[in-house]
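Coordinates as given in protein-v5.pdb (PDB, C-alpha atoms):
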ATOM      1  CA  MET F 162      -6.407  -8.774 -18.257  1.00  0.00           C
ATOM      2  CA  ASP F 163      -8.267 -11.000 -20.717  1.00  0.00           C
ATOM      3  CA  GLN F 164      -6.760  -9.041 -23.610  1.00  0.00           C
ATOM      4  CA  TRP F 165      -3.282  -9.348 -22.137  1.00  0.00           C
ATOM      5  CA  GLY F 166      -3.816 -13.079 -21.720  1.00  0.00           C
ATOM      6  CA  ARG F 167      -4.713 -13.265 -25.435  1.00  0.00           C
ATOM      7  CA  GLY F 168      -1.442 -11.579 -26.370  1.00  0.00           C
ATOM      8  CA  VAL F 169      -2.508  -7.936 -26.787  1.00  0.00           C
ATOM      9  CA  SER F 170       0.492  -5.767 -25.897  1.00  0.00           C
ATOM     10  CA  PRO F 171       0.395  -3.738 -22.664  1.00  0.00           C
ATOM     11  CA  ASP F 172       0.991  -0.565 -24.718  1.00  0.00           C
ATOM     12  CA  ASP F 173      -2.123  -1.239 -26.814  1.00  0.00           C
ATOM     13  CA  ILE F 174      -4.140  -1.941 -23.683  1.00  0.00           C
ATOM     14  CA  VAL F 175      -2.876   1.311 -22.111  1.00  0.00           C
ATOM     15  CA  ALA F 176      -4.021   3.249 -25.195  1.00  0.00           C
ATOM     16  CA  SER F 177      -7.462   1.632 -25.042  1.00  0.00           C
ATOM     17  CA  ILE F 178      -7.946   2.294 -21.337  1.00  0.00           C
ATOM     18  CA  GLU F 179      -6.589   5.832 -21.609  1.00  0.00           C
ATOM     19  CA  ALA F 180      -9.136   6.720 -24.294  1.00  0.00           C
ATOM     20  CA  ARG F 181     -12.003   5.599 -22.034  1.00  0.00           C
ATOM     21  CA  PHE F 182     -10.392   7.204 -18.969  1.00  0.00           C
ATOM     22  CA  GLN F 183     -10.356  10.644 -20.637  1.00  0.00           C
ATOM     23  CA  LEU F 184     -14.154  10.560 -21.004  1.00  0.00           C
ATOM     24  CA  ALA F 185     -15.069   8.894 -17.713  1.00  0.00           C
ATOM     25  CA  THR F 186     -16.311  10.550 -14.536  1.00  0.00           C
ATOM     26  CA  GLY F 187     -16.804   9.565 -10.905  1.00  0.00           C
ATOM     27  CA  GLN F 188     -16.307   5.938  -9.904  1.00  0.00           C
ATOM     28  CA  ASP F 189     -15.855   4.858 -13.533  1.00  0.00           C
ATOM     29  CA  ARG F 190     -12.934   7.264 -13.840  1.00  0.00           C
ATOM     30  CA  TYR F 191     -11.406   5.947 -10.604  1.00  0.00           C
ATOM     31  CA  ASP F 192     -11.798   2.319 -11.740  1.00  0.00           C
ATOM     32  CA  LEU F 193     -10.259   3.062 -15.139  1.00  0.00           C
ATOM     33  CA  ALA F 194      -7.384   4.922 -13.444  1.00  0.00           C
ATOM     34  CA  SER F 195      -6.746   1.796 -11.386  1.00  0.00           C
ATOM     35  CA  GLN F 196      -6.656  -0.372 -14.509  1.00  0.00           C
ATOM     36  CA  LEU F 197      -4.477   2.163 -16.303  1.00  0.00           C
ATOM     37  CA  ASN F 198      -2.090   2.211 -13.332  1.00  0.00           C
ATOM     38  CA  THR F 199      -1.821  -1.587 -13.505  1.00  0.00           C
ATOM     39  CA  PHE F 200      -0.992  -1.654 -17.205  1.00  0.00           C
ATOM     40  CA  LEU F 201       1.415   1.273 -17.014  1.00  0.00           C
ATOM     41  CA  THR F 202       3.214  -0.800 -14.378  1.00  0.00           C
ATOM     42  CA  ILE F 203       3.263  -3.862 -16.620  1.00  0.00           C
ATOM     43  CA  ALA F 204       4.553  -1.718 -19.499  1.00  0.00           C
ATOM     44  CA  TYR F 205       7.328  -0.201 -17.298  1.00  0.00           C
ATOM     45  CA  ARG F 206       6.051   3.326 -17.981  1.00  0.00           C
ATOM     46  CA  ASP F 207       6.778   4.787 -14.562  1.00  0.00           C
ATOM     47  CA  GLU F 208       6.849   8.471 -15.532  1.00  0.00           C
ATOM     48  CA  GLU F 209       3.374   8.204 -17.037  1.00  0.00           C
ATOM     49  CA  ARG F 210       2.247   6.265 -14.001  1.00  0.00           C
ATOM     50  CA  LEU F 211       3.434   9.073 -11.706  1.00  0.00           C
ATOM     51  CA  GLN F 212       1.647  11.663 -13.858  1.00  0.00           C
ATOM     52  CA  LEU F 213      -1.560   9.616 -13.763  1.00  0.00           C
ATOM     53  CA  LEU F 214      -1.367   9.213  -9.987  1.00  0.00           C
ATOM     54  CA  ASP F 215      -0.763  12.953  -9.491  1.00  0.00           C
ATOM     55  CA  ARG F 216      -3.802  13.756 -11.617  1.00  0.00           C
ATOM     56  CA  VAL F 217      -6.098  11.231  -9.959  1.00  0.00           C
ATOM     57  CA  MET F 218      -4.951  12.103  -6.412  1.00  0.00           C
ATOM     58  CA  LYS F 219      -6.182  15.653  -7.005  1.00  0.00           C
ATOM     59  CA  GLU F 220      -9.559  14.311  -8.104  1.00  0.00           C
ATOM     60  CA  PHE F 221      -9.830  11.867  -5.182  1.00  0.00           C
ATOM     61  CA  PRO F 222      -8.112  13.715  -2.300  1.00  0.00           C
ATOM     62  CA  ASP F 223      -9.251  11.243   0.353  1.00  0.00           C
ATOM     63  CA  ASP F 224      -8.186   8.043  -1.365  1.00  0.00           C
ATOM     64  CA  VAL F 225      -5.559   6.059   0.531  1.00  0.00           C
ATOM     65  CA  GLN F 226      -4.529   3.645  -2.240  1.00  0.00           C
ATOM     66  CA  LEU F 227      -3.353   6.297  -4.697  1.00  0.00           C
ATOM     67  CA  PRO F 228      -0.461   7.683  -2.598  1.00  0.00           C
ATOM     68  CA  MET F 229       0.512   4.093  -1.706  1.00  0.00           C
ATOM     69  CA  ASN F 230       0.688   3.377  -5.441  1.00  0.00           C
ATOM     70  CA  LYS F 231       2.889   6.435  -5.871  1.00  0.00           C
ATOM     71  CA  ALA F 232       5.161   5.306  -3.028  1.00  0.00           C
ATOM     72  CA  GLU F 233       5.377   1.910  -4.714  1.00  0.00           C
ATOM     73  CA  VAL F 234       6.703   3.515  -7.912  1.00  0.00           C
ATOM     74  CA  TYR F 235       9.491   5.212  -5.982  1.00  0.00           C
ATOM     75  CA  LEU F 236      10.186   2.107  -3.946  1.00  0.00           C
ATOM     76  CA  HIS F 237      10.491  -0.331  -6.824  1.00  0.00           C
ATOM     77  CA  SER F 238      11.562   1.685  -9.852  1.00  0.00           C
ATOM     78  CA  SER F 239      14.097   4.057  -8.344  1.00  0.00           C
ATOM     79  CA  ALA F 240      14.624   2.792  -4.787  1.00  0.00           C
ATOM     80  CA  ASP F 241      14.120   6.396  -3.633  1.00  0.00           C
ATOM     81  CA  PHE F 242      13.588   5.954   0.111  1.00  0.00           C
ATOM     82  CA  SER F 243      12.670   9.556   0.913  1.00  0.00           C
ATOM     83  CA  GLU F 244      10.032   9.791  -1.828  1.00  0.00           C
ATOM     84  CA  ALA F 245       8.598   6.354  -0.979  1.00  0.00           C
ATOM     85  CA  VAL F 246       8.267   7.327   2.701  1.00  0.00           C
ATOM     86  CA  LYS F 247       6.882  10.753   1.803  1.00  0.00           C
ATOM     87  CA  TRP F 248       4.017   9.196  -0.158  1.00  0.00           C
ATOM     88  CA  ALA F 249       3.456   6.464   2.424  1.00  0.00           C
ATOM     89  CA  ASP F 250       3.039   9.268   4.964  1.00  0.00           C
ATOM     90  CA  VAL F 251       0.475  10.963   2.686  1.00  0.00           C
ATOM     91  CA  ALA F 252      -1.437   7.667   2.612  1.00  0.00           C
ATOM     92  CA  ILE F 253      -1.275   7.433   6.422  1.00  0.00           C
ATOM     93  CA  GLU F 254      -2.492  11.019   6.789  1.00  0.00           C
ATOM     94  CA  ARG F 255      -5.432  10.308   4.468  1.00  0.00           C
ATOM     95  CA  ALA F 256      -6.203   7.049   6.264  1.00  0.00           C
ATOM     96  CA  ASN F 257      -6.182   8.791   9.652  1.00  0.00           C
ATOM     97  CA  ARG F 258      -8.413  11.559   8.332  1.00  0.00           C
ATOM     98  CA  GLN F 259     -10.884   9.030   6.906  1.00  0.00           C
ATOM     99  CA  ARG F 260     -10.500   6.574   9.806  1.00  0.00           C
ATOM    100  CA  CYS F 261     -10.229   3.694   7.347  1.00  0.00           C
ATOM    101  CA  TRP F 262      -7.328   1.694   5.941  1.00  0.00           C
ATOM    102  CA  GLN F 263      -5.125   3.023   8.751  1.00  0.00           C
ATOM    103  CA  ARG F 264      -3.517  -0.322   9.535  1.00  0.00           C
ATOM    104  CA  GLU F 265      -3.003  -1.055   5.839  1.00  0.00           C
ATOM    105  CA  ALA F 266      -1.202   2.265   5.300  1.00  0.00           C
ATOM    106  CA  LEU F 267       0.986   1.747   8.370  1.00  0.00           C
ATOM    107  CA  GLY F 268       1.821  -1.799   7.242  1.00  0.00           C
ATOM    108  CA  PHE F 269       2.748  -0.461   3.816  1.00  0.00           C
ATOM    109  CA  LYS F 270       5.188   1.981   5.390  1.00  0.00           C
ATOM    110  CA  ALA F 271       6.552  -0.823   7.597  1.00  0.00           C
ATOM    111  CA  ARG F 272       7.471  -2.765   4.442  1.00  0.00           C
ATOM    112  CA  ILE F 273       9.343   0.270   3.106  1.00  0.00           C
ATOM    113  CA  LEU F 274      11.250   0.729   6.364  1.00  0.00           C
ATOM    114  CA  LEU F 275      12.097  -2.973   6.382  1.00  0.00           C
ATOM    115  CA  LYS F 276      13.378  -2.878   2.807  1.00  0.00           C
ATOM    116  CA  PHE F 277      15.771  -0.064   3.700  1.00  0.00           C
ATOM    117  CA  GLY F 278      16.831  -1.606   7.026  1.00  0.00           C
ATOM    118  CA  ARG F 279      15.477   1.242   9.169  1.00  0.00           C
ATOM    119  CA  GLY F 280      15.123  -0.706  12.424  1.00  0.00           C
ATOM    120  CA  ASP F 281      14.507   2.137  14.875  1.00  0.00           C
ATOM    121  CA  GLU F 282      11.884   3.710  12.631  1.00  0.00           C
ATOM    122  CA  LEU F 283      10.289   0.299  12.033  1.00  0.00           C
ATOM    123  CA  SER F 284      10.205  -0.355  15.779  1.00  0.00           C
ATOM    124  CA  ASP F 285       8.504   3.004  16.354  1.00  0.00           C
ATOM    125  CA  LEU F 286       6.000   2.269  13.605  1.00  0.00           C
ATOM    126  CA  LEU F 287       5.183  -1.129  15.110  1.00  0.00           C
ATOM    127  CA  GLU F 288       4.384   0.733  18.337  1.00  0.00           C
ATOM    128  CA  GLU F 289       1.958   2.897  16.334  1.00  0.00           C
ATOM    129  CA  ILE F 290       0.318  -0.150  14.779  1.00  0.00           C
ATOM    130  CA  MET F 291      -0.160  -1.769  18.191  1.00  0.00           C
ATOM    131  CA  ALA F 292      -1.572   1.455  19.677  1.00  0.00           C
ATOM    132  CA  LEU F 293      -4.073   1.962  16.859  1.00  0.00           C
ATOM    133  CA  ARG F 294      -7.682   1.514  17.903  1.00  0.00           C
ATOM    134  CA  LEU F 295      -9.957   0.943  14.944  1.00  0.00           C
ATOM    135  CA  LYS F 296     -13.494   2.208  15.090  1.00  0.00           C
ATOM    136  CA  LYS F 297     -16.189  -0.444  14.865  1.00  0.00           C
ATOM    137  CA  GLY F 298     -16.954  -1.279  11.248  1.00  0.00           C
ATOM    138  CA  ALA F 299     -13.785   0.399   9.937  1.00  0.00           C
ATOM    139  CA  LEU F 300     -12.563  -0.671   6.520  1.00  0.00           C
ATOM    140  CA  ASP F 301      -9.077  -2.014   7.034  1.00  0.00           C
ATOM    141  CA  VAL F 302      -6.915  -5.126   7.116  1.00  0.00           C
ATOM    142  CA  GLY F 303      -6.374  -7.543   9.952  1.00  0.00           C
ATOM    143  CA  ARG F 304      -3.250  -7.618  12.077  1.00  0.00           C
ATOM    144  CA  GLU F 305      -0.311  -8.287   9.757  1.00  0.00           C
ATOM    145  CA  ARG F 306       3.169  -9.535  10.568  1.00  0.00           C
ATOM    146  CA  ASP F 307       4.974 -10.278   7.311  1.00  0.00           C
ATOM    147  CA  PHE F 308       7.255  -7.279   7.898  1.00  0.00           C
ATOM    148  CA  VAL F 309       8.149  -8.651  11.345  1.00  0.00           C
ATOM    149  CA  ASP F 310       8.824 -12.162  10.060  1.00  0.00           C
ATOM    150  CA  ARG F 311      11.108 -10.893   7.289  1.00  0.00           C
ATOM    151  CA  ALA F 312      13.129  -8.603   9.554  1.00  0.00           C
ATOM    152  CA  PRO F 313      16.656  -9.859  10.224  1.00  0.00           C
ATOM    153  CA  PRO F 314      17.445 -10.645  13.863  1.00  0.00           C
ATOM    154  CA  GLY F 315      18.166  -7.502  15.861  1.00  0.00           C
ATOM    155  CA  LEU F 316      16.599  -5.023  13.410  1.00  0.00           C
ATOM    156  CA  ILE F 317      13.484  -4.547  15.546  1.00  0.00           C
ATOM    157  CA  ARG F 318      14.024  -3.630  19.193  1.00  0.00           C
ATOM    158  CA  LYS F 319      13.532  -6.763  21.317  1.00  0.00           C
ATOM    159  CA  ASP F 320      10.912  -5.268  23.646  1.00  0.00           C
ATOM    160  CA  VAL F 321       8.849  -4.101  20.656  1.00  0.00           C
ATOM    161  CA  LEU F 322       9.242  -7.457  18.904  1.00  0.00           C
ATOM    162  CA  ASP F 323       8.111  -9.318  22.023  1.00  0.00           C
ATOM    163  CA  ARG F 324       5.002  -7.122  22.351  1.00  0.00           C
ATOM    164  CA  TYR F 325       4.255  -7.398  18.627  1.00  0.00           C
ATOM    165  CA  ASN F 326       4.450 -11.197  18.884  1.00  0.00           C
ATOM    166  CA  GLU F 327       1.741 -10.966  21.554  1.00  0.00           C
ATOM    167  CA  PHE F 328      -0.270  -8.459  19.505  1.00  0.00           C
ATOM    168  CA  ARG F 329      -0.166 -10.693  16.412  1.00  0.00           C
ATOM    169  CA  PRO F 330       1.108 -14.195  17.150  1.00  0.00           C
ATOM    170  CA  LYS F 331       2.661 -16.167  14.309  1.00  0.00           C
ATOM    171  CA  ARG F 332       0.318 -18.636  12.623  1.00  0.00           C
ATOM    172  CA  GLU F 333       1.106 -21.762  10.667  1.00  0.00           C
ATOM    173  CA  THR F 334      -0.337 -20.090   7.555  1.00  0.00           C
ATOM    174  CA  ASP F 335       1.916 -16.996   7.798  1.00  0.00           C
ATOM    175  CA  SER F 336       4.429 -16.500   5.017  1.00  0.00           C
ATOM    176  CA  SER F 337       7.603 -14.473   4.970  1.00  0.00           C
ATOM    177  CA  ALA F 338       7.196 -13.674   1.284  1.00  0.00           C
ATOM    178  CA  ASP F 339       8.169 -10.165   0.205  1.00  0.00           C
ATOM    179  CA  MET F 340       4.553  -9.118  -0.261  1.00  0.00           C
ATOM    180  CA  PRO F 341       1.525  -8.221   1.838  1.00  0.00           C
ATOM    181  CA  PRO F 342      -0.376 -11.200   3.210  1.00  0.00           C
ATOM    182  CA  ARG F 343      -3.742 -12.382   1.958  1.00  0.00           C
ATOM    183  CA  PHE F 344      -6.470  -9.904   2.980  1.00  0.00           C
ATOM    184  CA  GLU F 345      -8.291 -10.557   6.198  1.00  0.00           C
ATOM    185  CA  PRO F 346     -10.640  -8.065   7.865  1.00  0.00           C
ATOM    186  CA  PRO F 347      -9.781  -6.637  11.262  1.00  0.00           C
ATOM    187  CA  GLU F 348     -11.438  -8.697  13.986  1.00  0.00           C
ATOM    188  CA  GLU F 349     -11.828  -5.735  16.321  1.00  0.00           C
ATOM    189  CA  ALA F 350     -13.747  -3.726  13.720  1.00  0.00           C
ATOM    190  CA  LEU F 351     -16.424  -6.386  13.172  1.00  0.00           C
TER     191      LEU F 351
END
Is it possible to give me this structure as C-alpha cells?
Amino acid sequence: MDQWGRGVSPDDIVASIEARFQLATGQDRYDLASQLNTFLTIAYRDEERLQLLDRVMKEFPDDVQLPMNKAEVYLHSSADFSEAVKWADVAIERANRQRCWQREALGFKARILLKFGRGDELSDLLEEIMALRLKKGALDVGRERDFVDRAPPGLIRKDVLDRYNEFRPKRETDSSADMPPRFEPPEEAL
C-alpha cells in the first residue's frame, strides 16, 4: 500500500508480490495471496484473481474468507447471482465446519440476496442468523443489520423483520452504507 501511495502502478506491485508468493509457504503464502488478491482487484484483473483464489482455496481448504472473496468477484465484476451465491454457500459450509466466522459468512450472503432483491431467501437467511448459537470464544462478528436497514420496505417478511429488530436493535451509530459495518466481536462468544 505504501508503494501504491508513492505512485507505483498496481501492475508492478502485482508482479512484485507474485514473485514472492511463488516461493512462500504456510502463513506467509496465505498473507501474500491476500495482498495479491487486493492488488489484482485494484488492477481490475478479475480472471487472474479467480485463478489465484482457486489455487489458494485448494491449499487452505478450511478458510472462510477465500470463497467469500471469490463470491465478491462474481458479485461485483459480472453480477452473476448464481456464482456469487454458490461461493457464499461454500464459505458458509466452511464456517459451519470450523464453527467460526459463521455469522460473517451468513451476513455476506445476506448482502448478496439484498443486492438481487431476493426477499424470501433473505428472510429465510435472517431466520438462520437469529437461530445461530455461537460457541463460547468463537471467532466471528457481532450481530449485524446493515442488510436489514438497506432493504426496501416489504422485501423482508414483516414477522421476520420484527424479530430481527429485537435480535439486533438499531443503534444511533448504524449506517445504511452499501458495505459491512465496522467489526465488532460477538458478545455471546466472549
*Residues matched by the PyMOL selection byres ((chain F and resi 217) around 12), written as a PyMOL selection string*: chain F and resi 182-183+186-188+190-195+197-198+210-216+218-228+230-231
Residue subset to file, keeping C-alpha atoms, as a PDB file, in the coordinates of the input:
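As a result, selection16.pdb now contains:
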ATOM      1  CA  PHE F 182     -10.392   7.204 -18.969  1.00  0.00           C
ATOM      2  CA  GLN F 183     -10.356  10.644 -20.637  1.00  0.00           C
ATOM      3  CA  THR F 186     -16.311  10.550 -14.536  1.00  0.00           C
ATOM      4  CA  GLY F 187     -16.804   9.565 -10.905  1.00  0.00           C
ATOM      5  CA  GLN F 188     -16.307   5.938  -9.904  1.00  0.00           C
ATOM      6  CA  ARG F 190     -12.934   7.264 -13.840  1.00  0.00           C
ATOM      7  CA  TYR F 191     -11.406   5.947 -10.604  1.00  0.00           C
ATOM      8  CA  ASP F 192     -11.798   2.319 -11.740  1.00  0.00           C
ATOM      9  CA  LEU F 193     -10.259   3.062 -15.139  1.00  0.00           C
ATOM     10  CA  ALA F 194      -7.384   4.922 -13.444  1.00  0.00           C
ATOM     11  CA  SER F 195      -6.746   1.796 -11.386  1.00  0.00           C
ATOM     12  CA  LEU F 197      -4.477   2.163 -16.303  1.00  0.00           C
ATOM     13  CA  ASN F 198      -2.090   2.211 -13.332  1.00  0.00           C
ATOM     14  CA  ARG F 210       2.247   6.265 -14.001  1.00  0.00           C
ATOM     15  CA  LEU F 211       3.434   9.073 -11.706  1.00  0.00           C
ATOM     16  CA  GLN F 212       1.647  11.663 -13.858  1.00  0.00           C
ATOM     17  CA  LEU F 213      -1.560   9.616 -13.763  1.00  0.00           C
ATOM     18  CA  LEU F 214      -1.367   9.213  -9.987  1.00  0.00           C
ATOM     19  CA  ASP F 215      -0.763  12.953  -9.491  1.00  0.00           C
ATOM     20  CA  ARG F 216      -3.802  13.756 -11.617  1.00  0.00           C
ATOM     21  CA  MET F 218      -4.951  12.103  -6.412  1.00  0.00           C
ATOM     22  CA  LYS F 219      -6.182  15.653  -7.005  1.00  0.00           C
ATOM     23  CA  GLU F 220      -9.559  14.311  -8.104  1.00  0.00           C
ATOM     24  CA  PHE F 221      -9.830  11.867  -5.182  1.00  0.00           C
ATOM     25  CA  PRO F 222      -8.112  13.715  -2.300  1.00  0.00           C
ATOM     26  CA  ASP F 223      -9.251  11.243   0.353  1.00  0.00           C
ATOM     27  CA  ASP F 224      -8.186   8.043  -1.365  1.00  0.00           C
ATOM     28  CA  VAL F 225      -5.559   6.059   0.531  1.00  0.00           C
ATOM     29  CA  GLN F 226      -4.529   3.645  -2.240  1.00  0.00           C
ATOM     30  CA  LEU F 227      -3.353   6.297  -4.697  1.00  0.00           C
ATOM     31  CA  PRO F 228      -0.461   7.683  -2.598  1.00  0.00           C
ATOM     32  CA  ASN F 230       0.688   3.377  -5.441  1.00  0.00           C
ATOM     33  CA  LYS F 231       2.889   6.435  -5.871  1.00  0.00           C
TER      34      LYS F 231
END
*Please identify all polymer residues within 12 Å of Leu316 in chain F, counting all atoms listed in the file, omitting same-chain residues fewer than 2 positions from it, and present them as a PyMOL selection string.*
chain F and resi 274-285+308-314+318-322
What lies within 9 Å of Asp335 in chain F using all atoms listed in the file, ignoring chain neighbours under 5 positions off, as an mmCIF file with C-alpha atoms, keeping the file's coordinate frame?
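The result, stored in part-v1.cif:
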data_model
loop_
_atom_site.group_PDB
_atom_site.id
_atom_site.type_symbol
_atom_site.label_atom_id
_atom_site.label_comp_id
_atom_site.auth_asym_id
_atom_site.auth_seq_id
_atom_site.Cartn_x
_atom_site.Cartn_y
_atom_site.Cartn_z
ATOM 1 C CA ARG F 306 3.169 -9.535 10.568
ATOM 2 C CA ASP F 307 4.974 -10.278 7.311
ATOM 3 C CA ASP F 310 8.824 -12.162 10.060
ATOM 4 C CA PRO F 342 -0.376 -11.200 3.210
#
Apply the PyMOL selection byres ((chain F and resi 300) around 7) to the file shown and report the selected residues as an mmCIF file with C-alpha atoms, in the coordinates of the input.
data_model
loop_
_atom_site.group_PDB
_atom_site.id
_atom_site.type_symbol
_atom_site.label_atom_id
_atom_site.label_comp_id
_atom_site.auth_asym_id
_atom_site.auth_seq_id
_atom_site.Cartn_x
_atom_site.Cartn_y
_atom_site.Cartn_z
ATOM 1 C CA CYS F 261 -10.229 3.694 7.347
ATOM 2 C CA TRP F 262 -7.328 1.694 5.941
ATOM 3 C CA GLY F 298 -16.954 -1.279 11.248
ATOM 4 C CA ALA F 299 -13.785 0.399 9.937
ATOM 5 C CA ASP F 301 -9.077 -2.014 7.034
#
*For Lys247 in chain F, list every protein, DNA or RNA residue within 12 Å, evaluated using all atoms listed in the file, and leave out those in the same chain fewer than 3 positions away; present the list as a PyMOL selection string.*
chain F and resi 228-229+231-233+235-236+241-244+250-254+270+273-274
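Taken over the whole file, the PyMOL selection byres ((chain F and resi 348) around 12) covers exactly Arg294, Leu295, Lys296, Lys297, Gly298, Ala299, Leu300, Asp301, Val302, Gly303, Arg304, Glu305, Arg329, Glu345, Pro346, Pro347, Glu349, Ala350 and Leu351 of chain F.
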*Using only C-alpha atoms: which of F:Arg343, F:Asn257, F:Asp189, F:Trp165 has the shortest distance to Ile203 in chain F*: F:Trp165
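Atom pair CA of Phe269 in chain F / CA of Val246 in chain F has a distance of 9.6 Å (rounded to one decimal).
Straight-line separation from CA of Glu289 in chain F to CA of Arg272 in chain F: 14.3 Å.
Counting all atoms listed in the file, the residue from F:Val175, F:Arg332, F:Ala180, F:Ala256 that sits nearest to Gln196 in chain F is F:Val175.
Here CA of Glu288 in chain F is placed at a distance of 20.3 Å from CA of Trp248 in chain F.
Closest approach to Thr202 in chain F among F:Ala176, F:Ile290, F:Val234, F:Ala249 is made by F:Val234 (distances from only C-alpha atoms).
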Edge lengths and centre, in Å to one decimal, as AutoDock Vina command-line options: that's what I need for the box along x, y and z that holds all listed atoms of range 173-179 of chain F plus 3 Å on each side.
--center_x -5.0 --center_y 1.9 --center_z -24.1 --size_x 11.8 --size_y 13.8 --size_z 11.5
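With distances restricted to all atoms listed in the file, F:Leu293 is the closest residue to Arg260 in chain F from F:Ala240, F:Leu293, F:Ile317, F:Ala185.
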When you get a chance, write out N, CA and C atoms for range 191-204 of chain F, as a PDB file, in the coordinates of the input.
ATOM      1  N   TYR F 191     -12.305   6.532 -11.596  1.00  0.00           N
ATOM      2  CA  TYR F 191     -11.406   5.947 -10.604  1.00  0.00           C
ATOM      3  C   TYR F 191     -11.044   4.512 -10.993  1.00  0.00           C
ATOM      4  N   ASP F 192     -12.029   3.715 -11.367  1.00  0.00           N
ATOM      5  CA  ASP F 192     -11.798   2.319 -11.740  1.00  0.00           C
ATOM      6  C   ASP F 192     -10.886   2.215 -12.963  1.00  0.00           C
ATOM      7  N   LEU F 193     -11.112   3.067 -13.951  1.00  0.00           N
ATOM      8  CA  LEU F 193     -10.259   3.062 -15.139  1.00  0.00           C
ATOM      9  C   LEU F 193      -8.840   3.518 -14.803  1.00  0.00           C
ATOM     10  N   ALA F 194      -8.721   4.484 -13.885  1.00  0.00           N
ATOM     11  CA  ALA F 194      -7.384   4.922 -13.444  1.00  0.00           C
ATOM     12  C   ALA F 194      -6.645   3.763 -12.790  1.00  0.00           C
ATOM     13  N   SER F 195      -7.361   2.956 -12.027  1.00  0.00           N
ATOM     14  CA  SER F 195      -6.746   1.796 -11.386  1.00  0.00           C
ATOM     15  C   SER F 195      -6.249   0.794 -12.432  1.00  0.00           C
ATOM     16  N   GLN F 196      -7.069   0.541 -13.438  1.00  0.00           N
ATOM     17  CA  GLN F 196      -6.656  -0.372 -14.509  1.00  0.00           C
ATOM     18  C   GLN F 196      -5.489   0.206 -15.303  1.00  0.00           C
ATOM     19  N   LEU F 197      -5.552   1.497 -15.570  1.00  0.00           N
ATOM     20  CA  LEU F 197      -4.477   2.163 -16.303  1.00  0.00           C
ATOM     21  C   LEU F 197      -3.170   2.095 -15.502  1.00  0.00           C
ATOM     22  N   ASN F 198      -3.256   2.314 -14.205  1.00  0.00           N
ATOM     23  CA  ASN F 198      -2.090   2.211 -13.332  1.00  0.00           C
ATOM     24  C   ASN F 198      -1.475   0.811 -13.434  1.00  0.00           C
ATOM     25  N   THR F 199      -2.309  -0.205 -13.414  1.00  0.00           N
ATOM     26  CA  THR F 199      -1.821  -1.587 -13.505  1.00  0.00           C
ATOM     27  C   THR F 199      -1.066  -1.809 -14.808  1.00  0.00           C
ATOM     28  N   PHE F 200      -1.636  -1.376 -15.919  1.00  0.00           N
ATOM     29  CA  PHE F 200      -0.992  -1.654 -17.205  1.00  0.00           C
ATOM     30  C   PHE F 200       0.192  -0.740 -17.484  1.00  0.00           C
ATOM     31  N   LEU F 201       0.205   0.454 -16.917  1.00  0.00           N
ATOM     32  CA  LEU F 201       1.415   1.273 -17.014  1.00  0.00           C
ATOM     33  C   LEU F 201       2.552   0.611 -16.250  1.00  0.00           C
ATOM     34  N   THR F 202       2.217  -0.047 -15.144  1.00  0.00           N
ATOM     35  CA  THR F 202       3.214  -0.800 -14.378  1.00  0.00           C
ATOM     36  C   THR F 202       3.759  -1.953 -15.206  1.00  0.00           C
ATOM     37  N   ILE F 203       2.865  -2.716 -15.801  1.00  0.00           N
ATOM     38  CA  ILE F 203       3.263  -3.862 -16.620  1.00  0.00           C
ATOM     39  C   ILE F 203       4.138  -3.418 -17.788  1.00  0.00           C
ATOM     40  N   ALA F 204       3.815  -2.238 -18.344  1.00  0.00           N
ATOM     41  CA  ALA F 204       4.553  -1.718 -19.499  1.00  0.00           C
ATOM     42  C   ALA F 204       5.827  -0.957 -19.089  1.00  0.00           C
TER      43      ALA F 204
END
